[in-house]
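**Q** Below you will find the structure I want to go over with you.
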Amino acid sequence: MSQLVHRANLSAASFPFISTLHGQTVIVRGQDTTYNPAVTSKEDADKDAGIPQIYYAHNVLPHAQGFLAVGYDNDKIATAVVTFTSVHLIKDSTGNKGYIAFTSTGDFYTLQDGDTVFTWRLSVAAAAGKAIYVTHIAGVSYIYVANTGCYTYNFTAHVVLAVTLTGLTAANVIGICAASGYLLAWTVDTLAWSSLVDPTDFTPSLATGAGSGSIEGVKGKISFCMAFSLGFYVCTTGNIVVALASGNVRYPFVYKEVAGSGGIKDPMLASFRSNTAAQYLYTASGLQVITPQGANTVFPEVVDFLAGQQFEDFDETSNTLSQANIYVTMKKAIAVISDRYVVISYGVSELTHALVYDLIMKRWGKLKVTHVDCFEYQLLDPETVESAKKGVAFLLKDGSIKILNSSLDSRTASGVMILGKFQYVRARNLQLHGVTVENITFTDNFRLYDMPTLDGKTFLPIVEGTLSNIPGLIRVYKFRVTGKNHSLLFKGAFHAVSIGLTFSQHGAR
């Protein structure tokens, strides 16, 4: 029978976060009505069009022409033998900047330009297990340990210094943030704002502008506050309230409930370190984008996945997909990096994976890296500071930092992508003869496999392709495998822009 040639689809905007949710697909749709625009909800972002596409990946990000395997640079920061929990940017008025990181035992470590390791600076036993907030005002970074106290860092003397917030009882204050020239501090039911002259002075005064009071519109206890250009958001266990700067020193903020917002407790479930007006939060109402005008629930497929109590991973040693039912709530964290990437970290007992949504291209990728925090790395060389992807960094619990490397010539790239399931027509099986993969260089560590099935779900033993040409930028792999349908497993370094399949129809099913 004559051979047929097909170019695979590499432009899918999304993929199922559990591979078994990917239904049976065909190249020639024929009489299928799987995806009919006339009857398909326009609000459903995760449409199954019934054609082969990517349905599992890790350490893979989308790009304009397809998908790219990525790696991590982890040789810049050495490790320390402690258990880190979070990291925050700090800076001063002279242009110095660095990072302060915290451990589960209440130790403070800093990292500045030129450093190759986090350096211990202070131990605060009362900070063990407490939430920690870092904010910037008047050229100074202030660090607050919940119900404990406030600190700053001196870049010249390399010391962490205690700071007294006059007029406040440290044991009652949960955290701080800065907005519209004020340093803000909150308890479970009250907000205080500082003097416009001295951000550490919270003693109520009409002369200085300092004051405090309850917040109108809250429907629960105050969890945390997040600043943005027009004011700040007050996040509570029942809803979210926006505080807009009024310009009146007696009443500096006007409060309004964010319509449709849900309650939230943990600041790690919010993109609190980004400076955009639109913030991403994982609330009781789902994953929401919060603006002063209201709350919009987005990415329902992500919420369904994270709440579905099913976890999937790919074992690169045995080349198998595994799924496990879990009976605990998944750990989650959200970060927005460089105003472009929404990184949703998740895992069972710790954060092991991250879904990455490109806000510009509106496509999904996925990373596999065990970490405790995702943040925007800014201690960059001048020639790379403009690259958004270069700012995606992960803090590991041993204090090391892995920086995403998505360069096309990255030597650390090692991704996994499963593409399929390829079947020509419903009525016949398919015999795969060959696969042509572009943009694989001679030095790339890359292997290609076929994962056939006879029923569309149960994988037969996988078959590795035989390289049949002298590699340039194109590799041709030969197969002779028959099945109802086939999935292509990509492992290693690849820059997938065009994938061609050669096959023939086989016996009727």
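For the structure tokens, the naming scheme is as follows: chains receive sequential letters (A, B, ...) according to their order of presentation, residues are indexed from 1 within each chain, and ligands are indexed from 1 in presentation order.
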So that I can check the surroundings of Ile326 of chain A, please list as a PyMOL selection string every protein, DNA and RNA residue that reaches within 12 Å of it, counting only C-alpha atoms and ignoring chain neighbours fewer than 2 positions away.

**A** chain A and resi 306-312+323-324+328-331+347-349

**Q** Would you output that residue set with C-alpha atoms, as a short mmCIF file (atom, residue, chain, number, x, y, z; two decimals), in the first residue's frame?

**A**
data_model
loop_
_atom_site.label_atom_id
_atom_site.label_comp_id
_atom_site.auth_asym_id
_atom_site.auth_seq_id
_atom_site.Cartn_x
_atom_site.Cartn_y
_atom_site.Cartn_z
CA LEU A 306 -5.32 20.83 41.00
CA ALA A 307 -8.51 19.98 42.88
CA GLY A 308 -8.98 16.63 41.16
CA GLN A 309 -6.75 14.66 43.54
CA GLN A 310 -4.97 12.93 40.68
CA PHE A 311 -1.26 13.35 40.07
CA GLU A 312 0.63 12.35 36.92
CA GLN A 323 -0.95 8.33 37.65
CA ALA A 324 -1.76 8.22 41.33
CA VAL A 328 -4.62 15.31 50.30
CA THR A 329 -4.85 18.83 48.93
CA MET A 330 -2.06 19.56 46.48
CA LYS A 331 0.49 22.14 47.51
CA GLY A 347 3.05 19.00 44.03
CA VAL A 348 1.89 16.45 46.57
CA SER A 349 4.17 16.80 49.61
#

**Q** Among the residues of segment 56-283 of chain A, find those DSSP assigns to strand (DSSP E or B) from the backbone and print them as a PyMOL selection string.

**A** chain A and resi 56-58+60-63+66-69+71-73+84-92+97-103+107-112+119-123+132-137+140-145+149-154+159-163+166+175-179+182-186+191-193+201+211-213+222-228+231-236+240-245+253-257+270+279-283

**Q** Taking only segment 347-498 of chain A into account, list the residues labelled helix (DSSP H, G or I) by DSSP (computed from the backbone), as a PyMOL selection string.

**A** chain A and resi 382-384+389-391

**Q** Just to be explicit: take each residue in the selection above, keep all heavy atoms, and write the result as a PDB file, in the first residue's frame.

**A**
ATOM      1  N   PRO A 382      24.280  42.479  32.248  1.00  0.00           N
ATOM      2  CA  PRO A 382      23.579  43.536  31.500  1.00  0.00           C
ATOM      3  C   PRO A 382      23.067  43.086  30.140  1.00  0.00           C
ATOM      4  O   PRO A 382      22.015  43.504  29.694  1.00  0.00           O
ATOM      5  CB  PRO A 382      24.658  44.623  31.356  1.00  0.00           C
ATOM      6  CG  PRO A 382      25.590  44.392  32.494  1.00  0.00           C
ATOM      7  CD  PRO A 382      25.605  42.907  32.711  1.00  0.00           C
ATOM      8  N   GLU A 383      23.808  42.182  29.465  1.00  0.00           N
ATOM      9  CA  GLU A 383      23.390  41.787  28.126  1.00  0.00           C
ATOM     10  C   GLU A 383      22.219  40.818  28.127  1.00  0.00           C
ATOM     11  O   GLU A 383      21.643  40.541  27.085  1.00  0.00           O
ATOM     12  CB  GLU A 383      24.569  41.165  27.361  1.00  0.00           C
ATOM     13  CG  GLU A 383      25.107  39.882  27.973  1.00  0.00           C
ATOM     14  CD  GLU A 383      26.233  40.145  28.968  1.00  0.00           C
ATOM     15  OE1 GLU A 383      26.324  41.292  29.459  1.00  0.00           O
ATOM     16  OE2 GLU A 383      26.986  39.207  29.252  1.00  0.00           O
ATOM     17  N   THR A 384      21.832  40.286  29.270  1.00  0.00           N
ATOM     18  CA  THR A 384      20.711  39.337  29.306  1.00  0.00           C
ATOM     19  C   THR A 384      19.536  39.859  30.108  1.00  0.00           C
ATOM     20  O   THR A 384      18.545  39.194  30.241  1.00  0.00           O
ATOM     21  CB  THR A 384      21.158  37.998  29.921  1.00  0.00           C
ATOM     22  OG1 THR A 384      21.587  38.211  31.277  1.00  0.00           O
ATOM     23  CG2 THR A 384      22.284  37.379  29.121  1.00  0.00           C
ATOM     24  N   LYS A 389      12.471  35.263  29.854  1.00  0.00           N
ATOM     25  CA  LYS A 389      12.657  33.887  30.308  1.00  0.00           C
ATOM     26  C   LYS A 389      13.865  33.746  31.219  1.00  0.00           C
ATOM     27  O   LYS A 389      13.913  32.851  32.061  1.00  0.00           O
ATOM     28  CB  LYS A 389      12.791  32.952  29.101  1.00  0.00           C
ATOM     29  CG  LYS A 389      11.494  32.766  28.327  1.00  0.00           C
ATOM     30  CD  LYS A 389      11.670  31.795  27.179  1.00  0.00           C
ATOM     31  CE  LYS A 389      10.367  31.640  26.380  1.00  0.00           C
ATOM     32  NZ  LYS A 389      10.537  30.745  25.232  1.00  0.00           N
ATOM     33  N   LYS A 390      14.869  34.599  31.045  1.00  0.00           N
ATOM     34  CA  LYS A 390      16.055  34.523  31.895  1.00  0.00           C
ATOM     35  C   LYS A 390      15.729  34.887  33.342  1.00  0.00           C
ATOM     36  O   LYS A 390      16.534  34.645  34.238  1.00  0.00           O
ATOM     37  CB  LYS A 390      17.143  35.466  31.374  1.00  0.00           C
ATOM     38  CG  LYS A 390      17.835  34.979  30.116  1.00  0.00           C
ATOM     39  CD  LYS A 390      18.777  33.833  30.404  1.00  0.00           C
ATOM     40  CE  LYS A 390      19.601  33.469  29.182  1.00  0.00           C
ATOM     41  NZ  LYS A 390      20.522  32.351  29.447  1.00  0.00           N
ATOM     42  N   GLY A 391      14.550  35.470  33.567  1.00  0.00           N
ATOM     43  CA  GLY A 391      14.199  35.867  34.923  1.00  0.00           C
ATOM     44  C   GLY A 391      13.443  34.818  35.698  1.00  0.00           C
ATOM     45  O   GLY A 391      13.153  35.007  36.877  1.00  0.00           O
TER      46      GLY A 391
END

**Q** Between A:Cys177, A:Leu10, A:Ile51, A:Ala69, which has the minimum distance to Pro199 of chain A (counting only C-alpha atoms)?

**A** A:Cys177

**Q** Could you name the residues that touch segment 30-33 of chain A at 9 Å or less, counting only C-alpha atoms, but leaving out those on the same chain fewer than 5 positions away, as a list in words?

**A**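 Returned residues: Gly50, Val425 and Arg426 of chain A.
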
**Q** Could the residues in this selection be saved with all heavy atoms as a PDB file, in the first residue's frame?

**A**
ATOM      1  N   GLY A  50     -10.061  16.837  18.409  1.00  0.00           N
ATOM      2  CA  GLY A  50     -10.112  15.509  17.819  1.00  0.00           C
ATOM      3  C   GLY A  50      -8.950  15.176  16.910  1.00  0.00           C
ATOM      4  O   GLY A  50      -8.980  14.154  16.215  1.00  0.00           O
ATOM      5  N   VAL A 425      -7.459   7.071   9.786  1.00  0.00           N
ATOM      6  CA  VAL A 425      -8.922   7.079   9.772  1.00  0.00           C
ATOM      7  C   VAL A 425      -9.397   6.115  10.846  1.00  0.00           C
ATOM      8  O   VAL A 425      -8.666   5.235  11.292  1.00  0.00           O
ATOM      9  CB  VAL A 425      -9.498   6.680   8.392  1.00  0.00           C
ATOM     10  CG1 VAL A 425      -9.187   7.737   7.353  1.00  0.00           C
ATOM     11  CG2 VAL A 425      -8.986   5.319   7.965  1.00  0.00           C
ATOM     12  N   ARG A 426     -10.623   6.255  11.256  1.00  0.00           N
ATOM     13  CA  ARG A 426     -11.151   5.430  12.341  1.00  0.00           C
ATOM     14  C   ARG A 426     -11.191   3.943  11.985  1.00  0.00           C
ATOM     15  O   ARG A 426     -11.009   3.090  12.837  1.00  0.00           O
ATOM     16  CB  ARG A 426     -12.568   5.878  12.699  1.00  0.00           C
ATOM     17  CG  ARG A 426     -12.691   7.291  13.237  1.00  0.00           C
ATOM     18  CD  ARG A 426     -12.298   7.387  14.667  1.00  0.00           C
ATOM     19  NE  ARG A 426     -12.463   8.752  15.178  1.00  0.00           N
ATOM     20  CZ  ARG A 426     -11.783   9.238  16.187  1.00  0.00           C
ATOM     21  NH1 ARG A 426     -10.875   8.488  16.801  1.00  0.00           N
ATOM     22  NH2 ARG A 426     -11.983  10.464  16.615  1.00  0.00           N
TER      23      ARG A 426
END

**Q** Could you list, with a cut-off of 12 Å and counting only C-alpha atoms, the residues of segment 98-187 of chain A near segment 205-229 of chain A, each shown with its nearest atom pair and the distance in Å rounded to one decimal, rows sorted by chain and ascending number, as JSON lines?

**A**
{"residue": "A:Ala131", "atom": "CA", "partner": "A:Phe224", "partner_atom": "CA", "distance": 10.1}
{"residue": "A:Ile132", "atom": "CA", "partner": "A:Phe224", "partner_atom": "CA", "distance": 10.7}
{"residue": "A:Tyr133", "atom": "CA", "partner": "A:Phe224", "partner_atom": "CA", "distance": 9.2}
{"residue": "A:Val134", "atom": "CA", "partner": "A:Met226", "partner_atom": "CA", "distance": 10.9}
{"residue": "A:Thr135", "atom": "CA", "partner": "A:Ala227", "partner_atom": "CA", "distance": 9.1}
{"residue": "A:His136", "atom": "CA", "partner": "A:Ala227", "partner_atom": "CA", "distance": 10.4}
{"residue": "A:Ile137", "atom": "CA", "partner": "A:Ala227", "partner_atom": "CA", "distance": 11.4}
{"residue": "A:Ala146", "atom": "CA", "partner": "A:Phe224", "partner_atom": "CA", "distance": 10.5}
{"residue": "A:Leu165", "atom": "CA", "partner": "A:Ala210", "partner_atom": "CA", "distance": 11.8}
{"residue": "A:Thr166", "atom": "CA", "partner": "A:Ala210", "partner_atom": "CA", "distance": 10.6}
{"residue": "A:Gly167", "atom": "CA", "partner": "A:Gly211", "partner_atom": "CA", "distance": 9.6}
{"residue": "A:Leu168", "atom": "CA", "partner": "A:Ser212", "partner_atom": "CA", "distance": 10.2}
{"residue": "A:Val173", "atom": "CA", "partner": "A:Phe224", "partner_atom": "CA", "distance": 10.8}
{"residue": "A:Ile174", "atom": "CA", "partner": "A:Phe224", "partner_atom": "CA", "distance": 7.8}
{"residue": "A:Gly175", "atom": "CA", "partner": "A:Phe224", "partner_atom": "CA", "distance": 6.9}
{"residue": "A:Ile176", "atom": "CA", "partner": "A:Cys225", "partner_atom": "CA", "distance": 7.5}
{"residue": "A:Cys177", "atom": "CA", "partner": "A:Ala227", "partner_atom": "CA", "distance": 6.7}
{"residue": "A:Ala178", "atom": "CA", "partner": "A:Ala227", "partner_atom": "CA", "distance": 6.4}
{"residue": "A:Ala179", "atom": "CA", "partner": "A:Ala227", "partner_atom": "CA", "distance": 5.6}
{"residue": "A:Ser180", "atom": "CA", "partner": "A:Ser229", "partner_atom": "CA", "distance": 7.7}
{"residue": "A:Gly181", "atom": "CA", "partner": "A:Gly209", "partner_atom": "CA", "distance": 10.8}
{"residue": "A:Tyr182", "atom": "CA", "partner": "A:Ala210", "partner_atom": "CA", "distance": 8.6}
{"residue": "A:Leu183", "atom": "CA", "partner": "A:Ala210", "partner_atom": "CA", "distance": 9.5}
{"residue": "A:Leu184", "atom": "CA", "partner": "A:Cys225", "partner_atom": "CA", "distance": 8.6}
{"residue": "A:Ala185", "atom": "CA", "partner": "A:Cys225", "partner_atom": "CA", "distance": 8.7}
{"residue": "A:Trp186", "atom": "CA", "partner": "A:Ile222", "partner_atom": "CA", "distance": 7.5}
{"residue": "A:Thr187", "atom": "CA", "partner": "A:Ile222", "partner_atom": "CA", "distance": 6.9}

**Q** What is the distance, in Å and to one decimal place, between atom CA of Ala8 of chain A and atom CA of His22 of chain A?

**A**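 If I compute the distance from atom CA of Ala8 of chain A to atom CA of His22 of chain A, I get 16.2 Å.
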
**Q** From the options A:Ser274, A:Ser11, A:Thr458, A:Asn172, which residue's atoms come nearest to Ala64 of chain A, counting only C-alpha atoms?

**A**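 Closest to Ala64 of chain A of all the choices is A:Ser11.
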
**Q** Record the distance separating atom CA of Asp189 of chain A and atom CA of Glu257 of chain A, expressed in Å with one decimal.

**A**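 So the two atoms, atom CA of Asp189 of chain A and atom CA of Glu257 of chain A, lie 15.4 Å apart.
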
**Q** For Val87 of chain A, please output as number ranges by chain all residues within 9 Å (counting only C-alpha atoms; exclusion window: fewer than 5 positions along the same chain).

**A** A: 99-102, 373-375, 395

**Q** Generate the output file for the selected residues, N, CA and C atoms, as a CSV table (one decimal), in the first residue's frame.

**A**
chain,number,residue,atom,x,y,z
A,99,TYR,N,19.1,39.5,47.3
A,99,TYR,CA,18.0,38.6,47.8
A,99,TYR,C,18.2,38.3,49.3
A,100,ILE,N,17.1,38.2,49.9
A,100,ILE,CA,17.1,37.7,51.3
A,100,ILE,C,16.2,36.5,51.3
A,101,ALA,N,16.7,35.4,51.9
A,101,ALA,CA,16.0,34.1,52.0
A,101,ALA,C,15.9,33.7,53.4
A,102,PHE,N,14.9,32.9,53.7
A,102,PHE,CA,14.6,32.5,55.0
A,102,PHE,C,14.5,31.0,55.1
A,373,ASP,N,10.2,27.8,46.1
A,373,ASP,CA,9.7,29.2,45.7
A,373,ASP,C,10.1,29.4,44.2
A,374,CYS,N,9.2,30.1,43.5
A,374,CYS,CA,9.5,30.6,42.2
A,374,CYS,C,9.5,32.1,42.2
A,375,PHE,N,10.5,32.7,41.6
A,375,PHE,CA,10.6,34.2,41.7
A,375,PHE,C,11.3,34.7,40.5
A,395,LEU,N,13.9,28.6,43.7
A,395,LEU,CA,14.7,28.4,44.9
A,395,LEU,C,14.5,27.0,45.4

**Q** Tell me which of A:Thr83, A:Ser468, A:Thr370, A:Asn319 sits closest to Thr105 of chain A, counting only C-alpha atoms.

**A**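 Closest residue, counting only C-alpha atoms: A:Thr83.
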
**Q** Which distance in Å separates atom CA of Phe479 of chain A and atom CA of Gly434 of chain A, to one decimal?

**A**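 Separating atom CA of Phe479 of chain A from atom CA of Gly434 of chain A is a distance of 5.3 Å.
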
**Q** Find the residues around Leu321 of chain A up to 9 Å (only C-alpha atoms counted), leave out those fewer than 6 positions away in its own chain, and share them as an MDAnalysis selection string.

**A** chainID A and resid 19 312:315

**Q** Those selected residues, please, written with all heavy atoms and delivered as an mmCIF file, in the first residue's frame.

**A**
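Once written, out06.cif looks like this:
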data_model
loop_
_atom_site.group_PDB
_atom_site.id
_atom_site.type_symbol
_atom_site.label_atom_id
_atom_site.label_comp_id
_atom_site.auth_asym_id
_atom_site.auth_seq_id
_atom_site.Cartn_x
_atom_site.Cartn_y
_atom_site.Cartn_z
ATOM 1 N N SER A 19 -3.007 12.961 31.106
ATOM 2 C CA SER A 19 -2.947 12.450 29.732
ATOM 3 C C SER A 19 -4.152 11.597 29.354
ATOM 4 O O SER A 19 -4.547 11.553 28.184
ATOM 5 C CB SER A 19 -1.661 11.650 29.525
ATOM 6 O OG SER A 19 -1.636 10.498 30.348
ATOM 7 N N GLU A 312 -0.001 13.099 38.008
ATOM 8 C CA GLU A 312 0.632 12.350 36.921
ATOM 9 C C GLU A 312 2.077 12.794 36.749
ATOM 10 O O GLU A 312 2.416 13.976 36.894
ATOM 11 C CB GLU A 312 -0.127 12.575 35.616
ATOM 12 C CG GLU A 312 0.450 11.805 34.431
ATOM 13 C CD GLU A 312 -0.387 11.954 33.183
ATOM 14 O OE1 GLU A 312 -0.525 13.103 32.695
ATOM 15 O OE2 GLU A 312 -0.919 10.947 32.694
ATOM 16 N N ASP A 313 2.926 11.831 36.433
ATOM 17 C CA ASP A 313 4.330 12.133 36.171
ATOM 18 C C ASP A 313 4.858 11.132 35.156
ATOM 19 O O ASP A 313 4.277 10.057 34.948
ATOM 20 C CB ASP A 313 5.144 12.071 37.462
ATOM 21 C CG ASP A 313 6.504 12.741 37.324
ATOM 22 O OD1 ASP A 313 6.716 13.444 36.314
ATOM 23 O OD2 ASP A 313 7.359 12.571 38.216
ATOM 24 N N PHE A 314 5.974 11.500 34.524
ATOM 25 C CA PHE A 314 6.622 10.619 33.554
ATOM 26 C C PHE A 314 7.979 10.209 34.083
ATOM 27 O O PHE A 314 8.787 11.061 34.480
ATOM 28 C CB PHE A 314 6.773 11.332 32.206
ATOM 29 C CG PHE A 314 7.349 10.456 31.121
ATOM 30 C CD1 PHE A 314 6.533 9.644 30.364
ATOM 31 C CD2 PHE A 314 8.721 10.433 30.884
ATOM 32 C CE1 PHE A 314 7.060 8.837 29.369
ATOM 33 C CE2 PHE A 314 9.259 9.633 29.893
ATOM 34 C CZ PHE A 314 8.425 8.829 29.138
ATOM 35 N N ASP A 315 8.237 8.912 34.114
ATOM 36 C CA ASP A 315 9.514 8.369 34.569
ATOM 37 C C ASP A 315 10.431 8.225 33.356
ATOM 38 O O ASP A 315 10.177 7.409 32.466
ATOM 39 C CB ASP A 315 9.299 7.004 35.238
ATOM 40 C CG ASP A 315 10.561 6.477 35.909
ATOM 41 O OD1 ASP A 315 11.656 6.637 35.328
ATOM 42 O OD2 ASP A 315 10.454 5.905 37.005
#

**Q** Which neighbours of Leu161 of chain A fall inside 8 Å, counting only C-alpha atoms, when residues of the same chain fewer than 6 positions from it are skipped, and could you give them as a list of chain:residue names?

**A**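 Residues meeting the cut-off are A:Tyr151, A:Thr152, A:Tyr153, A:Asn154.
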
**Q** Can you tell me which residues surround segment 438-440 of chain A at a distance of at most 7 Å, considering only C-alpha atoms, apart from same-chain residues fewer than 6 positions away, and format the answer as a PyMOL selection string?

**A** chain A and resi 473-475+494-499

**Q** Measuring between only C-alpha atoms, which one of A:Ala57, A:Ala128, A:Val234, A:Leu359 shows the shortest distance to Val70 of chain A?

**A**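 Counting only C-alpha atoms, the residue closest to Val70 of chain A is A:Ala57.
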